[in-house]
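**Q** The following file, input35.txt, comprises compact mmCIF, C-alpha atoms:
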# COMPACT_ATOMS: atom_id res chain seq x y z
CA MET A 27 -39.51 34.01 1.51
CA SER A 28 -38.48 34.48 -2.12
CA THR A 29 -39.36 38.19 -1.86
CA GLU A 30 -37.23 38.49 1.23
CA ILE A 31 -34.26 36.88 -0.53
CA LYS A 32 -34.76 39.05 -3.60
CA ILE A 33 -34.73 42.23 -1.51
CA GLU A 34 -31.65 41.13 0.40
CA GLN A 35 -29.96 40.53 -2.94
CA ASP A 36 -30.99 44.04 -4.04
CA VAL A 37 -29.51 45.54 -0.88
CA LEU A 38 -26.28 43.63 -1.42
CA ALA A 39 -26.23 44.54 -5.14
CA ASP A 40 -26.74 48.25 -4.34
CA ASN A 41 -23.99 48.03 -1.76
CA ARG A 42 -21.68 46.31 -4.23
CA ALA A 43 -22.25 49.10 -6.78
CA ASN A 44 -21.42 51.75 -4.16
CA ALA A 45 -18.38 49.75 -3.05
CA THR A 46 -17.13 49.48 -6.62
CA ARG A 47 -17.33 53.28 -6.96
CA ASN A 48 -15.46 53.71 -3.66
CA ARG A 49 -12.76 51.26 -4.76
CA LYS A 50 -12.23 53.12 -8.02
CA THR A 51 -12.00 56.45 -6.15
CA PHE A 52 -9.48 55.05 -3.67
CA GLY A 53 -7.51 53.50 -6.53
CA ASP A 54 -7.48 56.76 -8.52
CA PHE A 55 -6.02 58.62 -5.54
CA GLY A 56 -3.68 55.81 -4.45
CA VAL A 57 -5.19 55.50 -0.98
CA PHE A 58 -4.73 52.19 0.87
CA VAL A 59 -7.98 51.37 2.68
CA VAL A 60 -8.34 48.78 5.44
CA ASN A 61 -11.71 47.44 6.58
CA LEU A 62 -10.96 46.34 10.17
CA MET A 63 -13.49 43.81 11.42
CA SER A 64 -14.03 41.63 14.50
CA GLY A 65 -16.50 40.64 17.18
CA PRO A 66 -17.20 43.20 19.93
CA GLY A 67 -14.40 43.73 22.42
CA SER A 68 -11.55 42.18 20.43
CA GLY A 69 -9.46 45.30 20.96
CA LYS A 70 -9.85 47.11 17.63
CA THR A 71 -9.96 50.56 19.25
CA THR A 72 -6.91 49.98 21.45
CA LEU A 73 -5.07 48.66 18.40
CA LEU A 74 -6.03 51.82 16.49
CA GLN A 75 -5.01 54.13 19.33
CA ARG A 76 -1.46 52.77 19.11
CA THR A 77 -1.55 52.55 15.33
CA ILE A 78 -2.52 56.21 14.90
CA GLU A 79 0.16 57.37 17.33
CA VAL A 80 2.87 55.56 15.41
CA MET A 81 1.68 55.53 11.81
CA SER A 82 0.44 59.12 11.61
CA ARG A 83 4.14 60.10 11.78
CA ARG A 84 4.98 57.82 8.86
CA LEU A 85 1.90 58.29 6.65
CA ARG A 86 -0.97 60.68 6.06
CA MET A 87 -3.82 58.74 7.57
CA ALA A 88 -7.47 59.01 8.62
CA VAL A 89 -9.88 56.76 10.53
CA ILE A 90 -13.61 56.16 10.19
CA ALA A 91 -15.08 54.51 13.32
CA GLY A 92 -18.42 52.73 12.98
CA ASP A 93 -20.67 52.04 15.95
CA LEU A 94 -24.36 51.41 16.58
CA GLU A 95 -24.52 54.30 19.04
CA THR A 96 -22.31 56.67 21.04
CA SER A 97 -19.10 58.42 19.98
CA ARG A 98 -16.94 56.48 22.46
CA ASP A 99 -14.57 55.02 19.90
CA ALA A 100 -13.99 58.36 18.16
CA ASP A 101 -13.47 59.95 21.58
CA ARG A 102 -10.78 57.38 22.37
CA LEU A 103 -9.12 57.76 18.97
CA SER A 104 -9.13 61.52 18.49
CA GLY A 105 -6.23 63.82 19.37
CA ARG A 106 -3.64 61.17 18.50
CA GLY A 107 -2.43 62.57 15.19
CA ALA A 108 -5.06 61.65 12.62
CA PRO A 109 -8.59 62.86 11.84
CA VAL A 110 -11.28 60.47 13.13
CA ILE A 111 -14.85 60.46 11.88
CA GLN A 112 -17.51 58.57 13.83
CA VAL A 113 -20.38 56.91 11.95
CA ASN A 114 -23.42 55.85 13.96
CA THR A 115 -25.31 53.08 12.19
CA ASN A 116 -28.42 53.75 14.30
CA GLY A 117 -28.55 50.20 15.54
CA ALA A 118 -27.54 48.48 12.29
CA CYS A 119 -25.15 45.58 12.68
CA HIS A 120 -22.65 46.56 9.96
CA MET A 121 -21.39 49.49 7.89
CA GLU A 122 -22.37 49.99 4.25
CA ALA A 123 -20.50 51.41 1.28
CA HIS A 124 -22.79 54.45 0.87
CA GLN A 125 -21.81 55.63 4.39
CA ILE A 126 -18.15 55.54 3.42
CA GLU A 127 -18.87 57.24 0.10
CA ARG A 128 -20.62 60.15 1.84
CA ILE A 129 -17.82 60.71 4.35
CA VAL A 130 -15.01 60.34 1.86
CA ALA A 131 -16.58 63.01 -0.36
CA SER A 132 -15.30 65.60 2.14
CA PHE A 133 -11.77 64.15 2.31
CA ASP A 134 -8.74 65.54 0.52
CA LEU A 135 -7.88 62.15 -0.95
CA ALA A 136 -4.89 63.46 -2.90
CA ASN A 137 -3.23 64.04 0.47
CA LEU A 138 -4.15 60.74 2.10
CA ASP A 139 -2.10 57.52 2.12
CA LEU A 140 -4.02 55.31 4.53
CA LEU A 141 -7.66 55.09 5.61
CA ILE A 142 -8.65 52.60 8.29
CA ILE A 143 -12.34 51.84 8.73
CA GLU A 144 -13.15 50.37 12.14
CA ASN A 145 -16.31 48.37 11.47
CA VAL A 146 -19.10 47.60 13.96
CA GLY A 147 -18.12 44.89 16.46
CA ASN A 148 -19.78 41.86 14.89
CA LEU A 149 -18.13 38.69 13.62
CA VAL A 150 -20.93 37.92 11.14
CA CYS A 151 -22.70 40.68 9.22
CA PRO A 152 -19.91 43.15 8.31
CA ALA A 153 -18.26 40.42 6.20
CA GLU A 154 -21.25 40.49 3.84
CA PHE A 155 -20.86 44.19 3.00
CA ASP A 156 -18.02 45.30 0.74
CA LEU A 157 -17.07 48.90 1.58
CA GLY A 158 -14.70 49.36 -1.34
CA GLU A 159 -11.66 48.71 0.88
CA THR A 160 -8.33 47.54 -0.51
CA GLU A 161 -7.91 44.83 2.14
CA ARG A 162 -9.94 43.32 4.94
CA VAL A 163 -8.34 42.54 8.27
CA THR A 164 -9.98 40.45 11.01
CA VAL A 165 -9.01 40.83 14.65
CA LEU A 166 -9.57 37.82 16.94
CA SER A 167 -8.66 38.21 20.60
CA CYS A 168 -7.34 35.11 22.31
CA THR A 169 -9.95 35.63 25.04
CA GLU A 170 -12.69 34.80 22.50
CA GLY A 171 -11.53 31.21 22.03
CA ASP A 172 -9.66 29.37 19.30
CA ASP A 173 -12.86 27.91 17.78
CA LYS A 174 -14.00 31.17 16.16
CA PRO A 175 -12.47 30.75 12.66
CA ALA A 176 -14.35 27.46 12.21
CA LYS A 177 -17.60 28.76 13.70
CA TYR A 178 -17.64 32.13 11.88
CA PRO A 179 -15.82 31.23 8.65
CA LEU A 180 -16.97 33.98 6.26
CA MET A 181 -15.06 36.84 7.88
CA PHE A 182 -11.85 34.79 8.00
CA ARG A 183 -12.31 33.66 4.40
CA GLU A 184 -12.73 37.26 3.22
CA SER A 185 -9.82 38.82 5.11
CA SER A 186 -6.21 39.00 3.88
CA LEU A 187 -4.81 39.18 7.37
CA LEU A 188 -5.72 37.78 10.79
CA LEU A 189 -4.50 39.64 13.85
CA ILE A 190 -4.60 37.49 16.98
CA SER A 191 -4.85 40.16 19.66
CA LYS A 192 -4.49 40.45 23.46
CA THR A 193 -1.62 37.93 23.43
CA ASP A 194 -0.61 39.29 26.85
CA LEU A 195 -3.60 37.31 28.16
CA LEU A 196 -2.52 33.99 26.59
CA PRO A 197 -1.09 32.68 29.89
CA HIS A 198 -4.52 33.16 31.51
CA VAL A 199 -6.89 31.64 28.93
CA TYR A 200 -7.36 28.35 27.10
CA PHE A 201 -6.48 29.34 23.55
CA ASN A 202 -4.51 27.06 21.25
CA VAL A 203 -2.81 29.46 18.83
CA ASP A 204 -1.86 26.67 16.42
CA ALA A 205 -5.43 25.34 16.35
CA ALA A 206 -6.85 28.82 15.66
CA ILE A 207 -4.39 29.39 12.83
CA ALA A 208 -5.00 25.92 11.37
CA ASP A 209 -8.77 26.53 11.41
CA ALA A 210 -8.35 29.97 9.84
CA ARG A 211 -6.20 28.45 7.09
CA ALA A 212 -8.70 25.63 6.59
CA VAL A 213 -11.30 28.21 5.53
CA HIS A 214 -8.72 30.53 3.94
CA PRO A 215 -5.62 28.68 2.68
CA GLY A 216 -2.42 30.65 3.16
CA MET A 217 -4.06 33.34 5.29
CA GLN A 218 -1.46 35.66 6.79
CA VAL A 219 -1.49 35.73 10.60
CA MET A 220 0.15 38.04 13.15
CA GLN A 221 0.06 37.85 16.93
CA LEU A 222 0.15 41.06 18.93
CA SER A 223 -0.80 42.86 22.12
CA ALA A 224 -1.74 46.48 21.53
CA MET A 225 -1.97 47.01 25.30
CA ARG A 226 1.65 45.92 25.84
CA GLY A 227 2.87 47.08 22.44
CA THR A 228 4.29 43.67 21.52
CA GLY A 229 4.19 42.39 17.95
CA MET A 230 3.06 45.75 16.59
CA GLU A 231 6.00 46.43 14.23
CA GLN A 232 4.97 43.68 11.77
CA TRP A 233 1.48 45.30 11.59
CA TYR A 234 2.92 48.77 11.04
CA ASP A 235 5.25 47.44 8.35
CA TRP A 236 2.36 45.63 6.67
CA LEU A 237 0.37 48.91 6.53
CA ALA A 238 3.34 50.95 5.33
CA ALA A 239 4.29 48.52 2.56
CA ARG A 240 0.74 48.33 1.25
CA ALA A 241 0.21 52.09 1.43
CA LYS A 242 3.43 52.57 -0.53
CA SER A 243 2.32 50.05 -3.13
CA ALA A 244 -1.15 51.67 -3.45
CA ARG A 245 0.46 55.06 -4.03
CA ALA A 246 2.83 53.67 -6.68
CA LYS A 247 0.00 52.32 -8.83
CA MET B 10 -35.34 51.90 0.69
CA SER B 11 -38.98 51.91 1.79
CA THR B 12 -39.42 48.48 0.21
CA GLU B 13 -36.43 47.22 2.12
CA ILE B 14 -37.83 48.52 5.40
CA LYS B 15 -41.25 47.08 4.62
CA ILE B 16 -39.79 43.63 3.98
CA GLU B 17 -37.72 43.77 7.15
CA GLN B 18 -40.89 44.63 9.04
CA ASP B 19 -42.60 41.64 7.42
CA VAL B 20 -39.76 39.34 8.48
CA LEU B 21 -39.94 40.66 12.02
CA ALA B 22 -43.75 40.44 12.05
CA ASP B 23 -43.64 36.81 10.85
CA ASN B 24 -41.07 36.05 13.49
CA ARG B 25 -43.17 37.73 16.16
CA ALA B 26 -46.17 35.59 15.19
CA ASN B 27 -44.07 32.42 15.44
CA ALA B 28 -42.62 33.58 18.74
CA THR B 29 -46.08 34.24 20.15
CA ARG B 30 -47.09 30.67 19.27
CA ASN B 31 -43.92 29.33 20.91
CA ARG B 32 -44.54 31.39 24.04
CA LYS B 33 -48.08 30.07 24.34
CA THR B 34 -46.85 26.48 23.91
CA PHE B 35 -44.15 26.94 26.56
CA GLY B 36 -46.69 28.57 28.88
CA ASP B 37 -49.21 25.77 28.39
CA PHE B 38 -46.62 23.18 29.38
CA GLY B 39 -45.04 25.28 32.14
CA VAL B 40 -41.57 25.24 30.59
CA PHE B 41 -39.17 28.02 31.57
CA VAL B 42 -37.24 29.09 28.46
CA VAL B 43 -34.06 31.19 28.46
CA ASN B 44 -32.69 32.89 25.34
CA LEU B 45 -28.98 33.18 26.16
CA MET B 46 -27.30 35.88 24.07
CA SER B 47 -23.88 37.53 23.81
CA GLY B 48 -21.09 38.46 21.46
CA PRO B 49 -18.86 35.64 20.22
CA GLY B 50 -16.50 34.17 22.77
CA SER B 51 -18.14 35.51 25.94
CA GLY B 52 -18.17 32.00 27.42
CA LYS B 53 -21.78 30.91 26.82
CA THR B 54 -20.80 27.33 26.04
CA THR B 55 -18.53 26.93 29.05
CA LEU B 56 -21.29 28.41 31.22
CA LEU B 57 -23.73 25.88 29.78
CA GLN B 58 -21.35 22.95 30.26
CA ARG B 59 -21.30 23.65 34.00
CA THR B 60 -24.98 24.54 34.10
CA ILE B 61 -26.07 21.26 32.49
CA GLU B 62 -23.88 19.22 34.83
CA VAL B 63 -25.43 20.81 37.90
CA MET B 64 -28.97 21.68 36.86
CA SER B 65 -29.82 18.47 35.00
CA ARG B 66 -29.81 16.82 38.46
CA ARG B 67 -32.27 19.37 39.81
CA LEU B 68 -34.54 19.89 36.76
CA ARG B 69 -35.56 18.19 33.56
CA MET B 70 -33.73 20.33 31.04
CA ALA B 71 -32.77 20.56 27.36
CA VAL B 72 -30.49 22.84 25.33
CA ILE B 73 -30.73 24.16 21.78
CA ALA B 74 -27.37 25.48 20.51
CA GLY B 75 -27.39 27.88 17.56
CA ASP B 76 -24.37 28.42 15.37
CA LEU B 77 -23.65 29.60 11.84
CA GLU B 78 -21.77 26.39 11.07
CA THR B 79 -20.21 23.34 12.74
CA SER B 80 -21.55 21.25 15.62
CA ARG B 81 -18.75 22.29 17.98
CA ASP B 82 -20.99 23.73 20.67
CA ALA B 83 -23.30 20.70 20.72
CA ASP B 84 -20.22 18.46 20.82
CA ARG B 85 -18.97 20.33 23.89
CA LEU B 86 -22.38 20.24 25.58
CA SER B 87 -23.53 16.69 24.92
CA GLY B 88 -23.06 13.80 27.32
CA ARG B 89 -23.42 16.02 30.37
CA GLY B 90 -26.93 15.04 31.45
CA ALA B 91 -29.32 16.86 29.10
CA PRO B 92 -30.30 16.48 25.45
CA VAL B 93 -28.62 19.05 23.19
CA ILE B 94 -29.85 19.93 19.72
CA GLN B 95 -27.61 21.91 17.37
CA VAL B 96 -29.17 24.37 14.93
CA ASN B 97 -27.03 25.61 12.05
CA THR B 98 -28.28 28.94 10.75
CA ASN B 99 -26.33 28.48 7.50
CA GLY B 100 -24.47 31.72 7.96
CA ALA B 101 -27.36 33.77 9.36
CA CYS B 102 -26.44 36.06 12.24
CA HIS B 103 -29.27 35.15 14.62
CA MET B 104 -31.83 32.45 15.43
CA GLU B 105 -35.50 32.80 14.50
CA ALA B 106 -38.66 31.59 16.19
CA HIS B 107 -39.61 29.15 13.41
CA GLN B 108 -36.37 27.21 14.03
CA ILE B 109 -37.30 26.80 17.68
CA GLU B 110 -40.88 25.87 16.79
CA ARG B 111 -39.69 23.08 14.48
CA ILE B 112 -37.31 21.58 17.04
CA VAL B 113 -39.69 21.85 19.96
CA ALA B 114 -42.35 19.95 18.02
CA SER B 115 -40.35 16.77 18.70
CA PHE B 116 -39.92 17.50 22.44
CA ASP B 117 -41.91 15.90 25.23
CA LEU B 118 -42.74 19.29 26.75
CA ALA B 119 -44.89 17.80 29.53
CA ASN B 120 -41.68 16.35 30.93
CA LEU B 121 -39.48 19.42 30.56
CA ASP B 122 -38.86 22.16 33.15
CA LEU B 123 -36.11 24.23 31.57
CA LEU B 124 -35.03 24.92 28.00
CA ILE B 125 -31.94 27.03 27.37
CA ILE B 126 -31.38 28.37 23.86
CA GLU B 127 -27.78 29.34 23.19
CA ASN B 128 -28.08 31.97 20.48
CA VAL B 129 -25.51 32.78 17.78
CA GLY B 130 -22.56 34.79 19.13
CA ASN B 131 -23.56 38.30 18.11
CA LEU B 132 -24.23 41.29 20.35
CA VAL B 133 -26.53 42.98 17.81
CA CYS B 134 -28.93 40.97 15.64
CA PRO B 135 -30.27 38.24 17.99
CA ALA B 136 -31.84 40.95 20.19
CA GLU B 137 -34.19 41.85 17.32
CA PHE B 138 -35.66 38.35 17.07
CA ASP B 139 -38.08 37.15 19.75
CA LEU B 140 -37.90 33.34 20.00
CA GLY B 141 -40.85 32.99 22.36
CA GLU B 142 -38.52 32.67 25.37
CA THR B 143 -39.68 33.43 28.92
CA GLU B 144 -36.59 35.50 29.72
CA ARG B 145 -33.56 36.84 27.89
CA VAL B 146 -30.14 36.71 29.47
CA THR B 147 -27.08 38.55 28.15
CA VAL B 148 -23.56 37.37 28.89
CA LEU B 149 -20.77 39.97 28.80
CA SER B 150 -17.25 38.78 29.48
CA CYS B 151 -14.99 41.22 31.27
CA THR B 152 -12.43 40.73 28.50
CA GLU B 153 -14.76 42.49 26.05
CA GLY B 154 -14.56 45.84 27.85
CA ASP B 155 -16.91 47.76 30.12
CA ASP B 156 -18.15 50.02 27.29
CA LYS B 157 -20.33 47.36 25.65
CA PRO B 158 -23.70 48.11 27.35
CA ALA B 159 -23.55 51.71 26.11
CA LYS B 160 -22.33 50.78 22.63
CA TYR B 161 -24.73 47.85 22.07
CA PRO B 162 -27.75 48.96 24.13
CA LEU B 163 -30.60 46.93 22.60
CA MET B 164 -29.53 43.54 23.90
CA PHE B 165 -29.03 44.90 27.42
CA ARG B 166 -32.35 46.73 27.30
CA GLU B 167 -34.18 43.53 26.28
CA SER B 168 -32.59 41.15 28.81
CA SER B 169 -33.80 40.52 32.36
CA LEU B 170 -30.41 39.46 33.57
CA LEU B 171 -26.81 40.40 32.81
CA LEU B 172 -24.13 37.83 33.56
CA ILE B 173 -20.66 39.38 33.73
CA SER B 174 -18.51 36.37 32.90
CA LYS B 175 -14.83 35.36 33.07
CA THR B 176 -14.38 37.25 36.33
CA ASP B 177 -11.26 35.16 36.97
CA LEU B 178 -9.63 37.39 34.33
CA LEU B 179 -10.57 40.69 36.04
CA PRO B 180 -7.07 41.11 37.55
CA HIS B 181 -5.57 40.98 34.05
CA VAL B 182 -7.85 43.34 32.08
CA TYR B 183 -9.05 46.92 32.26
CA PHE B 184 -12.71 46.45 33.09
CA ASN B 185 -14.55 48.69 35.51
CA VAL B 186 -17.37 46.49 36.86
CA ASP B 187 -19.22 49.45 38.38
CA ALA B 188 -19.07 51.39 35.11
CA ALA B 189 -20.38 48.43 33.12
CA ILE B 190 -23.28 47.91 35.55
CA ALA B 191 -24.06 51.64 35.61
CA ASP B 192 -24.16 51.73 31.81
CA ALA B 193 -26.32 48.61 31.65
CA ARG B 194 -28.75 50.17 34.14
CA ALA B 195 -28.73 53.45 32.21
CA VAL B 196 -30.25 51.61 29.22
CA HIS B 197 -32.22 49.18 31.42
CA PRO B 198 -33.11 50.62 34.83
CA GLY B 199 -32.98 48.06 37.63
CA MET B 200 -31.38 45.38 35.44
CA GLN B 201 -30.33 42.38 37.52
CA VAL B 202 -26.60 41.63 37.34
CA MET B 203 -24.51 38.65 38.45
CA GLN B 204 -20.75 38.18 38.25
CA LEU B 205 -19.34 34.71 37.70
CA SER B 206 -16.55 32.58 36.32
CA ALA B 207 -17.80 29.36 34.77
CA MET B 208 -14.19 28.22 34.32
CA ARG B 209 -13.44 28.51 38.04
CA GLY B 210 -16.98 27.77 39.16
CA THR B 211 -17.27 30.97 41.20
CA GLY B 212 -20.55 32.86 41.47
CA MET B 213 -22.49 30.05 39.80
CA GLU B 214 -24.93 29.27 42.66
CA GLN B 215 -26.86 32.54 42.23
CA TRP B 216 -27.34 31.67 38.53
CA TYR B 217 -28.49 28.13 39.34
CA ASP B 218 -30.90 29.47 41.96
CA TRP B 219 -32.25 32.05 39.50
CA LEU B 220 -32.95 29.27 36.97
CA ALA B 221 -34.51 26.96 39.56
CA ALA B 222 -36.79 29.63 41.04
CA ARG B 223 -38.08 30.68 37.64
CA ALA B 224 -38.56 27.11 36.42
CA LYS B 225 -40.58 26.41 39.56
CA SER B 226 -42.68 29.51 39.03
CA ALA B 227 -43.28 28.64 35.35
CA ARG B 228 -44.46 25.16 36.33
CA ALA B 229 -46.82 26.54 39.02
CA LYS B 230 -48.68 28.77 36.55
What do you get writing this file as structure tokens?
**A**
Amino acid sequence: MSTEIKIEQDVLADNRANATRNRKTFGDFGVFVVNLMSGPGSGKTTLLQRTIEVMSRRLRMAVIAGDLETSRDADRLSGRGAPVIQVNTNGACHMEAHQIERIVASFDLANLDLLIIENVGNLVCPAEFDLGETERVTVLSCTEGDDKPAKYPLMFRESSLLLISKTDLLPHVYFNVDAAIADARAVHPGMQVMQLSAMRGTGMEQWYDWLAARAKSARAK
Amino acid sequence: MSTEIKIEQDVLADNRANATRNRKTFGDFGVFVVNLMSGPGSGKTTLLQRTIEVMSRRLRMAVIAGDLETSRDADRLSGRGAPVIQVNTNGACHMEAHQIERIVASFDLANLDLLIIENVGNLVCPAEFDLGETERVTVLSCTEGDDKPAKYPLMFRESSLLLISKTDLLPHVYFNVDAAIADARAVHPGMQVMQLSAMRGTGMEQWYDWLAARAKSARAK
């Protein structure tokens, strides 16, 4: 058991070293990088479809889409105004910093303002792996239930922003928005929260403005 | 990297040994054991609330509920007619066979027909860990999207039965039931599929009958 824990610490330490290099690179070039995380089916890809269509006119942006298998997310995201690179993790439950490092090596970072990394759909493991992002964002769809921040606290603790998604479905599900936000803020005091429906396009402006302001600030540094 | 893989194989091999012991124990006592898996928020707990209320009158049953933290699932499940034991994985993304072994040691297995293990909400990692169950069942809510069997194939490949849940929400979401079933059967030919809404109580009888028939068959062996 102690060997197992030691090795896991080595894996995390290696990942942290790679992430630190990535963060320095992104900082040097003034690129704002979002690590977008959630359980499967929270609506990350639909959110990104809309986000690319709108934000690629305001910023120079790129997307890295992580999945265990298939290129379905990249297929859905491509042709909307920004380059999209699919990473297959070959069954692994999270993305790691070395995967980002390898992809980013081929990017023209001097001409990039915003990079969004769509992580594997998993509310647990991705939170343990720093990718070198500037900010982490967690998406929680109201169809998943308001108990998720308390039951899966790490991801909420580690994210700057919580997007409560699929709000068009709120009339049809039992989801207490106030309870979800209170639980998120119990594990992460002061956590910023936005409610939106990417499908309907409601509540999206605050998200776009959040991205634009942070990209501007990253470039100014 | 080879050390890391070696250790992971050791962890899985240890787990497999524990699972084999569990499976023999369950077989000796004729207990039918379900490992119920899904992403977070697919409705496993609501399904189990209903299932306990109905099936605890037909069978002697118990439930083990796995979560990273909190006792929320056990709180929701208790007092409905069956003993419920909560396991906290302390942040780990899946349950392991040794946890089941330890809990089951205190059970009166000679007087148990059905044990349902509610795994951690995660569509990836739990599929890699055999618990010694008789059958695996995957729950996929229609709100998660019909692309999940193709994107997260291992869990669907390893489960005997797919429950498509929250069908009351089908009119409000884009979910092609036929496409989801076709994709599930592409990774798992002949996979059995049921559609149900635990919230509305529709489609539940086929699930109850499935449990009852298999519990009877396990006892007869």
**Q** Counting all atoms listed in the file, which residues of chain A come no farther than 9 Å from chain B, as a PDB file with C-alpha atoms, in the frame of the given file?
**A**
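The resulting file, selection34.pdb, is reproduced below:
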ATOM      1  CA  MET A  27     -39.510  34.010   1.510  1.00  0.00           C
ATOM      2  CA  THR A  29     -39.360  38.190  -1.860  1.00  0.00           C
ATOM      3  CA  GLU A  30     -37.230  38.490   1.230  1.00  0.00           C
ATOM      4  CA  ILE A  33     -34.730  42.230  -1.510  1.00  0.00           C
ATOM      5  CA  GLU A  34     -31.650  41.130   0.400  1.00  0.00           C
ATOM      6  CA  ASP A  36     -30.990  44.040  -4.040  1.00  0.00           C
ATOM      7  CA  VAL A  37     -29.510  45.540  -0.880  1.00  0.00           C
ATOM      8  CA  GLY A  65     -16.500  40.640  17.180  1.00  0.00           C
ATOM      9  CA  PRO A  66     -17.200  43.200  19.930  1.00  0.00           C
ATOM     10  CA  GLY A  67     -14.400  43.730  22.420  1.00  0.00           C
ATOM     11  CA  SER A  68     -11.550  42.180  20.430  1.00  0.00           C
ATOM     12  CA  GLY A  69      -9.460  45.300  20.960  1.00  0.00           C
ATOM     13  CA  ASP A  93     -20.670  52.040  15.950  1.00  0.00           C
ATOM     14  CA  LEU A  94     -24.360  51.410  16.580  1.00  0.00           C
ATOM     15  CA  GLU A  95     -24.520  54.300  19.040  1.00  0.00           C
ATOM     16  CA  THR A  96     -22.310  56.670  21.040  1.00  0.00           C
ATOM     17  CA  SER A  97     -19.100  58.420  19.980  1.00  0.00           C
ATOM     18  CA  ARG A  98     -16.940  56.480  22.460  1.00  0.00           C
ATOM     19  CA  GLY A 117     -28.550  50.200  15.540  1.00  0.00           C
ATOM     20  CA  ALA A 118     -27.540  48.480  12.290  1.00  0.00           C
ATOM     21  CA  CYS A 119     -25.150  45.580  12.680  1.00  0.00           C
ATOM     22  CA  GLY A 147     -18.120  44.890  16.460  1.00  0.00           C
ATOM     23  CA  ASN A 148     -19.780  41.860  14.890  1.00  0.00           C
ATOM     24  CA  LEU A 149     -18.130  38.690  13.620  1.00  0.00           C
ATOM     25  CA  VAL A 150     -20.930  37.920  11.140  1.00  0.00           C
ATOM     26  CA  CYS A 151     -22.700  40.680   9.220  1.00  0.00           C
ATOM     27  CA  THR A 169      -9.950  35.630  25.040  1.00  0.00           C
ATOM     28  CA  GLU A 170     -12.690  34.800  22.500  1.00  0.00           C
ATOM     29  CA  GLY A 171     -11.530  31.210  22.030  1.00  0.00           C
ATOM     30  CA  ASP A 173     -12.860  27.910  17.780  1.00  0.00           C
ATOM     31  CA  LYS A 174     -14.000  31.170  16.160  1.00  0.00           C
ATOM     32  CA  ALA A 176     -14.350  27.460  12.210  1.00  0.00           C
ATOM     33  CA  LYS A 177     -17.600  28.760  13.700  1.00  0.00           C
ATOM     34  CA  TYR A 178     -17.640  32.130  11.880  1.00  0.00           C
ATOM     35  CA  PRO A 179     -15.820  31.230   8.650  1.00  0.00           C
ATOM     36  CA  LEU A 180     -16.970  33.980   6.260  1.00  0.00           C
ATOM     37  CA  ASP A 194      -0.610  39.290  26.850  1.00  0.00           C
ATOM     38  CA  LEU A 195      -3.600  37.310  28.160  1.00  0.00           C
ATOM     39  CA  HIS A 198      -4.520  33.160  31.510  1.00  0.00           C
ATOM     40  CA  VAL A 199      -6.890  31.640  28.930  1.00  0.00           C
TER      41      VAL A 199
END
**Q** So how many Å separate atom CA of B:Val96 and atom CA of B:Asp84, to one decimal?
**A**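 Taking atom CA of B:Val96 and atom CA of B:Asp84, their separation equals 12.2 Å.
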**Q** Would you work out the distance separating atom CA of A:Ala88 from atom CA of A:Arg102, expressed in Å to one decimal?
**A**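 Taking atom CA of A:Ala88 as the start and atom CA of A:Arg102 as the end point, the length is 14.2 Å.
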**Q** Any idea what's packed within 9 Å of A:Met63, counting all atoms listed in the file, ignoring anything in its chain fewer than 6 positions away? Could you give it as an MDAnalysis selection string?
**A** chainID A and resid 70 143:149 152:153 162:165 181 185
**Q** So how many Å separate atom CA of B:Leu56 and atom CA of B:Ala207, to one decimal?
**A**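 Straight-line distance from atom CA of B:Leu56 to atom CA of B:Ala207 works out to 5.1 Å.
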**Q** Determine the nearest neighbour of B:Met70 from the options B:Leu220, B:Val196, B:Ala83, B:Leu205, counting all atoms listed in the file.
**A**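 Of B:Leu220, B:Val196, B:Ala83, B:Leu205, the one nearest B:Met70, counting all atoms listed in the file, is B:Leu220.
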**Q** Using the file's own x, y and z axes, what box holds all listed atoms of stretch 185-201 of chain A with 4 Å on each side, keeping edges along x, y and z, and what are its centre and edge lengths in Å to one decimal, as JSON?
**A**
{"center_x": -5.2, "center_y": 34.4, "center_z": 17.7, "size_x": 17.2, "size_y": 20.1, "size_z": 35.6}
**Q** Need the shell around stretch 45-60 of chain A: protein/DNA/RNA residues with any atom at most 7 Å away, counting all atoms listed in the file. Skip same-chain ones fewer than 4 positions apart. Format as a ChimeraX atom specification?
**A** /A:41,123,127,135-136,138-143,156-163,240-241,244-245,247
**Q** Mind checking which residues fall within 9 Å of B:Pro198, counting all atoms listed in the file, ignoring those fewer than 4 positions away in the same chain, and posting them as a count of residues only?
**A** 3
